[in-house]
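Enquirer: Please find one structure pasted underneath; my questions will follow.
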Amino acid sequence: MSEQTTRNEHFLRNIFNKGPLQRHGFVCTPPQLGCTDHPDYDYTLSDKPAQNWAPQTVENYMRQVQYTEMLGDDNVPCARLTTGTHIYAAAFGCQVHRYTDTNAAAQPLVWTADEADRLEQPSIWTSPTLYRVFELAHAVQSELGKDVWLGPADIQTGFDTAALVWNKEGFLQAMTDPEEKEAVKRLADKCAILLKAFLTEFRKEFPHSSTCHCPAVWCPPELGPWVSNDECGVMSTRMFEEFCLPELVDLSQTFGSLAMHCCADAEHQFESFKKVPHFYAFNRVAARHGYNTILEPLGGTEGPVHVLGWVSIEDTEYLIQHAPAGTRFIFNLLGESLDESKRWLARMREISPLLP
């Protein structure tokens, strides 16, 4: 590990652990090879050896190493075991649709409460979309060594996975039915059990792993997982606290803390997010209402660290200038050229002077 990367690791660890803050963080991620760049497509969906995808993962890692050394940004390179959102739903038997230009997606498996109740609890070790993540991680370690940071697979909450397994229209209708809503909870519980088993085994097998799956920012391994919490945008606060909040609380209690990714119109849930103990980091995608809505309810010293990608320079400047005192940001520029990354980083340093 280079001196630059070691410094960056200490810097980001300080931000996430809320040590003395001197400035915000800025991470550049170079253009990365995706699943559709590989001739055999997604490694979780192929029956070929997972090690066939190791060269691509190593190439993406080396691109990060080169960028970090040339730019001097705050990146800690990770060999990212990127997957689509389908991996947990596929473990229940969902068919997976492959696209030509983006990640694969799970197709619904059940349409009724009775069908959902008949689903058996899957094992990660009999589910190729899950155990192949372990296989690729071992293959990457055999090439790069065990001291290289790994990045996690996609992490969907159990509830969000249940919303993939059960046809969405029927799933949402069942949530409002006094009898069928219990079937929703039972399916979400099965999905949550699978997620916890996967996370527990992965963290045990690969302790030298970042916990952040979105965006591409390193996070200390002792902190809790980042979960995609996207279905929360389609329901009321009351329903969120009945169907979703208990799982988030349980995940935080199980792993000691929790971070979230959310790309839904979920401003009405922000106060409920604060009920998750040790909610330490938040990745908000702009959705319809932009980024500024995070400042009042989730800013300040008590709020999570805001780890944001896909943010314009204008929005970045506004967030930095108008955030409540003590708010911490890490901004991630994804997929730009080296020259564009240099210009972005120079501008970030102009609008984010050293903090008092």
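For the structure tokens, the naming scheme is as follows: chains receive sequential letters (A, B, ...) according to their order of presentation, residues are indexed from 1 within each chain, and ligands are indexed from 1 in presentation order.
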Per DSSP on the backbone, filter region 43-280 of chain A down to the residues in alpha helix (DSSP H) and report them as a ChimeraX atom specification.

Expert: /A:54-71,87-91,113-118,128-144,158-165,168-175,181-205,237-243,245-255,270-273

Enquirer: Could you pull the residues within 10 Å of Asp47 (chain A), counting only C-alpha atoms, minus those fewer than 5 positions along the same chain, as a PyMOL selection string?

Expert: chain A and resi 40+128+132

Enquirer: Just to be explicit: take each residue in the selection above, keep C-alpha atoms, and write the result as a short mmCIF file (atom, residue, chain, number, x, y, z; two decimals), in the first residue's frame.

Expert:
```cif
data_model
loop_
_atom_site.label_atom_id
_atom_site.label_comp_id
_atom_site.auth_asym_id
_atom_site.auth_seq_id
_atom_site.Cartn_x
_atom_site.Cartn_y
_atom_site.Cartn_z
CA ASP A 40 -19.55 -14.04 -20.56
CA PRO A 128 -24.79 -19.39 -7.29
CA ARG A 132 -19.86 -17.02 -6.56
#
```

Enquirer: Write out as a VMD selection string the residues lying within 7 Å of Pro77 (chain A), counting only C-alpha atoms and excluding same-chain residues fewer than 2 positions away.

Expert: chain A and resid 61 64 to 65 75 79

Enquirer: Give me every strand (DSSP E or B) residue in region 150-208 of chain A, going by DSSP on the backbone, as a list in words.

Expert: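 Matching residues, listed in order: Leu150, Gly151, Gln156 and Trp166 of chain A.
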
Enquirer: Would you kindly return, as a ChimeraX atom specification, each protein, DNA or RNA residue with an atom no farther than 9 Å from any atom of Ala91 (chain A), considering only C-alpha atoms and excluding same-chain residues fewer than 6 positions away?

Expert: /A:122-124,126-130,194

Enquirer: Using only C-alpha atoms, which residue out of A:Val76, A:Ile351, A:Ala139, A:Ile313 lies closest to Arg7 (chain A)?

Expert: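 Under the stated criterion, the closest residue is A:Val76.
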
Enquirer: Between CA of Thr6 (chain A) and CA of Pro55 (chain A), measure the distance and give it in Å to one decimal.

Expert: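 Between CA of Thr6 (chain A) and CA of Pro55 (chain A) the gap works out to 24.5 Å.
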
Enquirer: Tell me, as a PyMOL selection string, which residues lie within 7 Å of region 248-261 of chain A, counting only C-alpha atoms; anything in the same chain fewer than 6 positions away does not count.

Expert: chain A and resi 214+223-229+276-284

Enquirer: Which residues of region 36-136 of chain A have any atom within 12 Å of an atom in region 172-175 of chain A when counting only C-alpha atoms, and what is the closest pair of atoms for each, with the distance in Å to one decimal? Order the rows by chain and rising number and write it as a tab-separated table.

Expert:
```
residue	atom	partner	partner_atom	distance
A:Trp111	CA	A:Ala174	CA	10.1
A:Thr112	CA	A:Ala174	CA	8.5
A:Ala113	CA	A:Ala174	CA	7.7
A:Asp114	CA	A:Ala174	CA	11.4
A:Ala116	CA	A:Ala174	CA	11.2
```

Enquirer: Counting only C-alpha atoms, what is within 10 Å of Gly290 (chain A), bar same-chain residues fewer than 5 positions away, as a count of residues only?

Expert: 5

Enquirer: Write out as number ranges by chain each polymer residue whose atoms come within 7 Å of Cys191 (chain A), counting only C-alpha atoms; drop sequence neighbours fewer than 3 positions from it.

Expert: A: 158-159, 161-162, 187-188, 194-195

Enquirer: What does the structure give for the distance between CA of Ile193 (chain A) and CA of Glu247 (chain A), in Å to one decimal?

Expert: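 Computing it gives 9.9 Å between the two atoms.
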
Enquirer: Listing only residues of region 62-173 of chain A within 9 Å of region 338-341 of chain A, what is the closest atom pair and its distance in Å (to one decimal) for each, using only C-alpha atoms, sorted by chain and residue number ascending, as a Markdown table?

Expert:
```
| residue | atom | partner | partner_atom | distance |
| --- | --- | --- | --- | --- |
| A:Tyr67 | CA | A:Leu338 | CA | 7.2 |
| A:Met70 | CA | A:Leu338 | CA | 8.5 |
| A:Leu71 | CA | A:Ser341 | CA | 7.8 |
```

Enquirer: For the selection just defined, write its residues with N, CA and C atoms to a file, as an mmCIF file, in the first residue's frame.

Expert:
```
data_model
loop_
_atom_site.group_PDB
_atom_site.id
_atom_site.type_symbol
_atom_site.label_atom_id
_atom_site.label_comp_id
_atom_site.auth_asym_id
_atom_site.auth_seq_id
_atom_site.Cartn_x
_atom_site.Cartn_y
_atom_site.Cartn_z
ATOM 1 N N TYR A 67 -4.972 6.276 -10.802
ATOM 2 C CA TYR A 67 -5.647 7.560 -10.632
ATOM 3 C C TYR A 67 -5.270 8.198 -9.299
ATOM 4 N N MET A 70 -1.807 9.665 -9.412
ATOM 5 C CA MET A 70 -1.668 10.806 -10.313
ATOM 6 C C MET A 70 -2.452 12.028 -9.839
ATOM 7 N N LEU A 71 -3.586 11.788 -9.170
ATOM 8 C CA LEU A 71 -4.465 12.888 -8.783
ATOM 9 C C LEU A 71 -4.183 13.435 -7.392
#
```

Enquirer: Choose the residue, out of A:Gly170, A:Gly72, A:Pro39, A:Gly145, that has the smallest atom-to-atom separation from Pro108 (chain A); count only C-alpha atoms.

Expert: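 Counting only C-alpha atoms, the residue closest to Pro108 (chain A) is A:Gly170.
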
Enquirer: What separation in Å, quoted to one decimal, exists between CA of Phe206 (chain A) and CA of Phe26 (chain A)?

Expert: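 Separation of CA of Phe206 (chain A) and CA of Phe26 (chain A): 26.3 Å.
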